[in-house]
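Peer 1: Before I ask anything, let me first share the structure, which is written out below as structure tokens.
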Amino acid sequence: MGKLRFRKYGQLYLMAVPTIIYFLVFSVYPIIQGLYTSTQKPRLLGGGVYVGLANYREVLKDRTFWQALNNTLILSGGMIALGVVIPFIVAIALHELPFPPLRKLTQTVIYTPHLFSWVVVAGIWIQVLSPDRGLVNELVKLFGGKPIHFLADTRWIRPMIILLNSWKSTGYNAVIYYAALSSLDPQIYEAATVDGATRWQKITKLTIPLLMPTVGVVFMLSAVGALRIFDQVFVLRNVATTRTINVLMTYVYDLGMVQFRLGHATAASFLVAAVGILTIGFLRRSMRVDQTDMA
Amino acid sequence: MRTRVTFADWILSAIMVILVLVTVIPLLNALALSFSSNMAAVQPGVHLWPKEFSTIGYQTAWRKLQFWRPFFNSIYVTAVGSFLHMAVCAMAAYCLMYGDFPLRKPIIWLMLLSMTVPGEAIMLPLYIVNRQLGLLNTFTSLIVAGMASGFTILLLLNYFRTVPVSLMEAARLDGAGDFTIFTKVVLPVSKPGLAAVGLFQIVGRWNQFREPLLYITNKAKTTIQIALREVTMLSDATSGTDVVLANTRMAGVVIGVSILIIVFPFIQKHFVQGIVLGATKE
């Protein structure tokens with residue numbers, strides 16, 4: 001690199017400009033703009049008045065906010081738990097499977113839903129879970145049960161959203177684990193075989209310990225997304241379930257885009273972002289994993 | 001390594017088959033319904049194969065519900081947006097290769113900032129910015145969204161670093177400027193990285209939902225995911241004269257993943273890079 005130093009940077013400036021302008025206008029400026037908006041109260045005739053931290057205080061007093069936080073923690077807790085554990089088991093099963101074509105097929109198939117939008121996933125599952133003529137309820141009826149309103153019943157909706165999240169993301173997380181497993185040196189396993197280790201011993205003494213650092217990565221990736229849950233709730237909620245599954249980001253959306261209380265809404269989203277960044281920073285420090293390690 | 005197929009192997013295979021079925025059956029159900037006639041679509045029973053084969057669902061979705069419009073809108077936004085994203089990020093990554101480039105530090109700081117603050121947290125400020133710039137109800141608002149990304153720049157930078165410095169030096173001695181070195185030396189060597197970025201951009205932009213939800217209210221400018229959501233939500237409505245049947249809704253779903261089906265065979269090669277790129281949107 002040293003030899004490259006003596007040169008003019010004319011063309012480099014031009015190449016850097018789009019990125020810099022983009023980040024200034026769509027990352028830096030919105031943060032400033034948001035901070036400004038969050039301290040304003042709209043006046044009837046347009047414009048706003050500076051109200052200090054009043055919007056933040058009102059958000060903290062809003063029961064709907066705490067309800068949304070509660071729902072967010074429950075849903076994301078479930079999503080993280082299933083998102084870490086199920087793909088872990090799936091990846092070990094993939095690793096152990098002695099039939100490469102079946103392994104490739106499974107890996108490819110279960111990865112597919114990760115590429116679908118939540119609108120598509122919801123579209124498919126609203127149909128599959130429909131109380132009249134839905135696939136699952138046809139089976140329920142076959143066994144003599146009554147149709148269940150999976151997506152309209154407050155007792156079912158939370159588990160359903162967590163399960164659908166798992167359906168969508170298991171393959172993706174399994175690929176992360178499996179990538180870690182396939183980068184392991186096969187000689188370790190050969191050595192264990194020579195030493196007379198059984199298959200079960202190899203799984204518990206080799207595979208699982210070697211996979212532990214990746215658990216941290218998958219946990220972090222899931223935790224980062226936790227406070228940001230939006231699409232899945234937005235496309236799956238309805239009048240009956242809104243109170244049960246409304247999360248922080250749908251709360252912010254409703255406040256800002258439906259009730260047009262932009263000051264409140266941005267105050268809420270900044271509170272969430274601050275808590276989120278602090279939590280992630282804390283987790284990252286205590287677990288010593290970083291997404292960029294994987295790049 | 002193992003030569004004997006044991007009982008445990010059969011259990012493992014059974015697990016795999018169950019995983020595949022759990023994934024495939026809902027998809028098959030949607031596909032079968034989409035090719036069913038109006039009569040078959042409302043009949044009870046398990047649909048895993050079209051009962052009375054018909055494309056009426058697709059015709060209704062495409063013509064009556066006018067899916068053709070958001071479909072082509074999304075293709076336009078996806079194509080232009082993905083291309084610009086790759087171009088902008090690749091140029092930035094190239095700049096970062098030079099340790100003493102004066103704007104290197106500022107770019108890195110901006111990247112870190114954008115990667116720290118989640119897009120959802122500034123979703124309303126972004127709406128305000130787009131309004132101030134007069135971008136509401138334009139395709140530009142959707143194309144510009146996510147035009148640069150720290151994750152992409154880092155991924156490309158890793159690829160660019162594999163280009164031998166001697167090769168770049170040789171080009172420079174031949175009188176090539178930075179832009180020529182970038183397009184003629186660095187980019188061709190980094191094709192796999194660019195392919196991965198491009199593929200995941202296509203997926204992400206085709207699936208783009210929050211941005212059109214916020215920025216687009218004009219029906220003529222709407223995108224495929226928004227159109228699809230309106231149709232699938234209708235199933236909840238008990239009243240209304242326009243009942244959208246299951247075959248039409250599922251045809252909408254198939255149209256909603258159509259572009260992904262084309263991209264998918266290429267995606268498989270890039271599963272692992274997708275982990276890094278996919279981390280930005282979940």
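Going by the structure tokens order, chains are called A, B, ..., each with residues numbered from 1, while ligands are numbered from 1 in the order shown.
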Which residues are near Val20 of chain B? Cut-off 9 Å, only C-alpha atoms, ignore same chain within fewer than 2 positions. Put them as a list in words.
Peer 2: Leu105, Thr106, Gln107, Val109 and Ile110 of chain A; Ile15, Met16, Val17, Ile18, Val22, Thr23, Val24 and Ile25 of chain B
Peer 1: Given a cut-off of 6 Å, which residues of chain A touch chain B, counting only C-alpha atoms, written out as a list in words?
Peer 2: Leu12, Met15, Ala16, Thr19, Ser27, Pro30, Gly34, Thr106, Ser117, Val119, Val120, Gly123, Arg133, Leu135, Ser269 and Ala273 of chain A
Peer 1: Restricting the output to N, CA and C atoms, write the selected residues as a compact mmCIF listing (two decimals), in the first residue's frame.
Peer 2:
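Output file out16.txt follows:
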```txt
# COMPACT_ATOMS: atom_id res chain seq x y z
N LEU A 12 -10.90 10.11 -6.76
CA LEU A 12 -11.42 9.45 -5.57
C LEU A 12 -12.49 10.31 -4.89
N MET A 15 -15.69 9.80 -6.51
CA MET A 15 -16.26 8.48 -6.25
C MET A 15 -16.82 8.38 -4.83
N ALA A 16 -16.29 9.20 -3.94
CA ALA A 16 -16.75 9.14 -2.54
C ALA A 16 -18.00 9.98 -2.32
N THR A 19 -21.76 8.46 -1.71
CA THR A 19 -21.92 7.80 -0.41
C THR A 19 -22.01 8.83 0.70
N SER A 27 -28.95 9.68 6.88
CA SER A 27 -28.60 9.08 8.18
C SER A 27 -28.39 10.17 9.23
N PRO A 30 -31.60 12.95 9.25
CA PRO A 30 -32.82 12.46 9.92
C PRO A 30 -32.68 12.38 11.44
N GLY A 34 -35.05 14.37 13.58
CA GLY A 34 -35.87 13.63 14.54
C GLY A 34 -35.76 14.22 15.94
N THR A 106 -32.35 -30.31 1.87
CA THR A 106 -32.97 -29.75 3.08
C THR A 106 -32.49 -28.32 3.31
N SER A 117 -40.83 -11.95 1.61
CA SER A 117 -41.21 -10.82 2.46
C SER A 117 -42.24 -11.29 3.48
N VAL A 119 -45.01 -9.93 3.91
CA VAL A 119 -46.32 -9.86 3.26
C VAL A 119 -46.65 -11.21 2.63
N VAL A 120 -45.65 -11.80 1.95
CA VAL A 120 -45.85 -13.09 1.31
C VAL A 120 -46.08 -14.18 2.36
N GLY A 123 -49.43 -13.80 3.72
CA GLY A 123 -50.42 -14.20 2.71
C GLY A 123 -50.60 -15.70 2.68
N ARG A 133 -61.77 -23.61 5.58
CA ARG A 133 -61.06 -24.17 4.43
C ARG A 133 -59.54 -24.01 4.49
N LEU A 135 -55.78 -25.21 5.51
CA LEU A 135 -55.19 -26.54 5.59
C LEU A 135 -55.17 -27.09 7.01
N SER A 269 -39.62 6.66 19.24
CA SER A 269 -38.66 5.86 18.49
C SER A 269 -37.24 6.13 18.95
N ALA A 273 -34.63 3.44 20.29
CA ALA A 273 -33.31 3.31 19.67
C ALA A 273 -32.21 3.42 20.71
```
Peer 1: As an NGL selection string, please: every residue in segment 70-263 of chain A that a backbone DSSP assignment puts in alpha helix (DSSP H).
Peer 2: :A and (70-96 or 100-111 or 118-128 or 135-142 or 154-182 or 186-194 or 199-202 or 208-226 or 231-236 or 242-245 or 248-253 or 262-263)
Peer 1: I need the residues from that last selection saved to file as a compact mmCIF listing (two decimals), in the first residue's frame (with C-alpha atoms), if you can.
Peer 2:
```
# COMPACT_ATOMS: atom_id res chain seq x y z
CA ASN A 70 -44.27 -5.70 27.00
CA ASN A 71 -45.45 -7.30 23.76
CA THR A 72 -42.09 -6.61 22.12
CA LEU A 73 -40.21 -8.34 24.93
CA ILE A 74 -42.52 -11.37 24.89
CA LEU A 75 -42.46 -11.77 21.11
CA SER A 76 -38.75 -11.12 20.71
CA GLY A 77 -37.95 -13.37 23.67
CA GLY A 78 -39.76 -16.21 21.95
CA MET A 79 -38.23 -15.42 18.59
CA ILE A 80 -34.69 -15.30 19.98
CA ALA A 81 -35.12 -18.53 21.94
CA LEU A 82 -36.49 -20.49 18.98
CA GLY A 83 -34.11 -18.69 16.61
CA VAL A 84 -31.06 -19.82 18.58
CA VAL A 85 -32.12 -23.34 19.60
CA ILE A 86 -33.98 -24.88 16.65
CA PRO A 87 -31.39 -23.97 13.98
CA PHE A 88 -28.67 -25.23 16.36
CA ILE A 89 -30.26 -28.68 16.41
CA VAL A 90 -31.01 -28.55 12.68
CA ALA A 91 -27.40 -27.68 11.86
CA ILE A 92 -26.04 -30.56 13.96
CA ALA A 93 -28.52 -32.90 12.26
CA LEU A 94 -27.38 -31.61 8.86
CA HIS A 95 -23.77 -32.12 9.88
CA GLU A 96 -24.42 -35.68 11.05
CA PRO A 100 -25.10 -35.29 0.96
CA PRO A 101 -27.94 -34.93 -1.59
CA LEU A 102 -30.59 -34.96 1.15
CA ARG A 103 -28.50 -32.50 3.17
CA LYS A 104 -28.21 -30.10 0.23
CA LEU A 105 -31.92 -30.41 -0.52
CA THR A 106 -32.97 -29.75 3.08
CA GLN A 107 -30.59 -26.82 3.43
CA THR A 108 -31.85 -25.22 0.22
CA VAL A 109 -35.53 -25.80 0.93
CA ILE A 110 -35.57 -24.54 4.51
CA TYR A 111 -33.55 -21.47 3.55
CA TRP A 118 -43.44 -10.85 5.52
CA VAL A 119 -46.32 -9.86 3.26
CA VAL A 120 -45.85 -13.09 1.31
CA VAL A 121 -45.37 -15.21 4.44
CA ALA A 122 -48.50 -13.69 5.96
CA GLY A 123 -50.42 -14.20 2.71
CA ILE A 124 -49.53 -17.90 2.64
CA TRP A 125 -50.19 -18.54 6.33
CA ILE A 126 -53.39 -16.52 6.63
CA GLN A 127 -54.67 -18.99 4.04
CA VAL A 128 -53.14 -22.12 5.65
CA LEU A 135 -55.19 -26.54 5.59
CA VAL A 136 -54.53 -26.77 9.33
CA ASN A 137 -58.14 -26.43 10.35
CA GLU A 138 -59.23 -29.03 7.79
CA LEU A 139 -56.96 -31.42 9.71
CA VAL A 140 -58.34 -30.18 13.04
CA LYS A 141 -61.85 -30.91 11.78
CA LEU A 142 -60.75 -34.32 10.49
CA THR A 154 -55.58 -13.50 21.51
CA ARG A 155 -54.44 -16.79 23.08
CA TRP A 156 -53.02 -18.08 19.80
CA ILE A 157 -51.65 -15.02 18.07
CA ARG A 158 -48.39 -14.62 20.04
CA PRO A 159 -47.26 -18.26 19.69
CA MET A 160 -48.31 -18.09 16.05
CA ILE A 161 -46.17 -15.04 15.27
CA ILE A 162 -43.20 -16.63 17.05
CA LEU A 163 -43.69 -19.90 15.15
CA LEU A 164 -44.08 -18.16 11.81
CA ASN A 165 -40.90 -16.23 12.53
CA SER A 166 -39.22 -19.54 13.17
CA TRP A 167 -40.63 -20.99 9.95
CA LYS A 168 -39.18 -18.05 8.04
CA SER A 169 -35.76 -17.84 9.72
CA THR A 170 -34.75 -21.38 10.77
CA GLY A 171 -33.04 -22.14 7.47
CA TYR A 172 -31.13 -18.86 7.52
CA ASN A 173 -29.84 -19.35 11.06
CA ALA A 174 -29.08 -23.02 10.35
CA VAL A 175 -26.87 -21.90 7.45
CA ILE A 176 -24.88 -19.71 9.86
CA TYR A 177 -24.35 -22.63 12.24
CA TYR A 178 -23.67 -25.04 9.42
CA ALA A 179 -21.10 -22.71 7.86
CA ALA A 180 -19.27 -22.71 11.19
CA LEU A 181 -19.41 -26.51 11.36
CA SER A 182 -18.22 -27.09 7.82
CA PRO A 186 -12.31 -32.92 9.62
CA GLN A 187 -9.06 -34.23 11.12
CA ILE A 188 -10.39 -33.44 14.59
CA TYR A 189 -13.21 -35.90 13.98
CA GLU A 190 -10.88 -38.46 12.46
CA ALA A 191 -8.63 -38.21 15.49
CA ALA A 192 -11.64 -38.71 17.75
CA THR A 193 -12.67 -41.76 15.72
CA VAL A 194 -9.17 -43.23 16.06
CA ARG A 199 -20.90 -40.72 17.56
CA TRP A 200 -22.77 -39.28 20.53
CA GLN A 201 -19.49 -38.41 22.25
CA LYS A 202 -18.31 -36.63 19.11
CA ILE A 208 -21.44 -28.62 20.46
CA PRO A 209 -18.43 -26.96 22.14
CA LEU A 210 -17.05 -25.94 18.75
CA LEU A 211 -20.42 -24.43 17.87
CA MET A 212 -20.73 -22.35 21.03
CA PRO A 213 -19.05 -19.19 19.66
CA THR A 214 -21.56 -19.22 16.79
CA VAL A 215 -24.43 -19.34 19.30
CA GLY A 216 -23.24 -15.91 20.38
CA VAL A 217 -23.30 -14.65 16.78
CA VAL A 218 -26.80 -15.99 16.12
CA PHE A 219 -28.02 -14.63 19.45
CA MET A 220 -26.63 -11.20 18.59
CA LEU A 221 -28.17 -11.21 15.11
CA SER A 222 -31.56 -12.12 16.61
CA ALA A 223 -31.23 -9.64 19.48
CA VAL A 224 -30.37 -6.79 17.11
CA GLY A 225 -33.65 -7.41 15.33
CA ALA A 226 -35.67 -7.73 18.54
CA ASP A 231 -43.34 -6.01 9.33
CA GLN A 232 -44.52 -9.31 10.79
CA VAL A 233 -46.81 -7.63 13.31
CA PHE A 234 -48.01 -5.02 10.85
CA VAL A 235 -49.12 -7.63 8.30
CA LEU A 236 -50.57 -10.10 10.80
CA THR A 242 -53.79 -5.47 17.96
CA ARG A 243 -53.56 -5.02 21.73
CA THR A 244 -51.92 -8.40 22.20
CA ILE A 245 -49.19 -8.10 19.58
CA LEU A 248 -42.84 -0.67 19.74
CA MET A 249 -42.36 -0.01 16.06
CA THR A 250 -46.03 -0.45 15.16
CA TYR A 251 -46.80 1.85 18.10
CA VAL A 252 -44.46 4.45 16.60
CA TYR A 253 -46.01 3.99 13.16
CA LEU A 262 -45.00 13.14 14.87
CA GLY A 263 -43.42 14.71 17.96
```
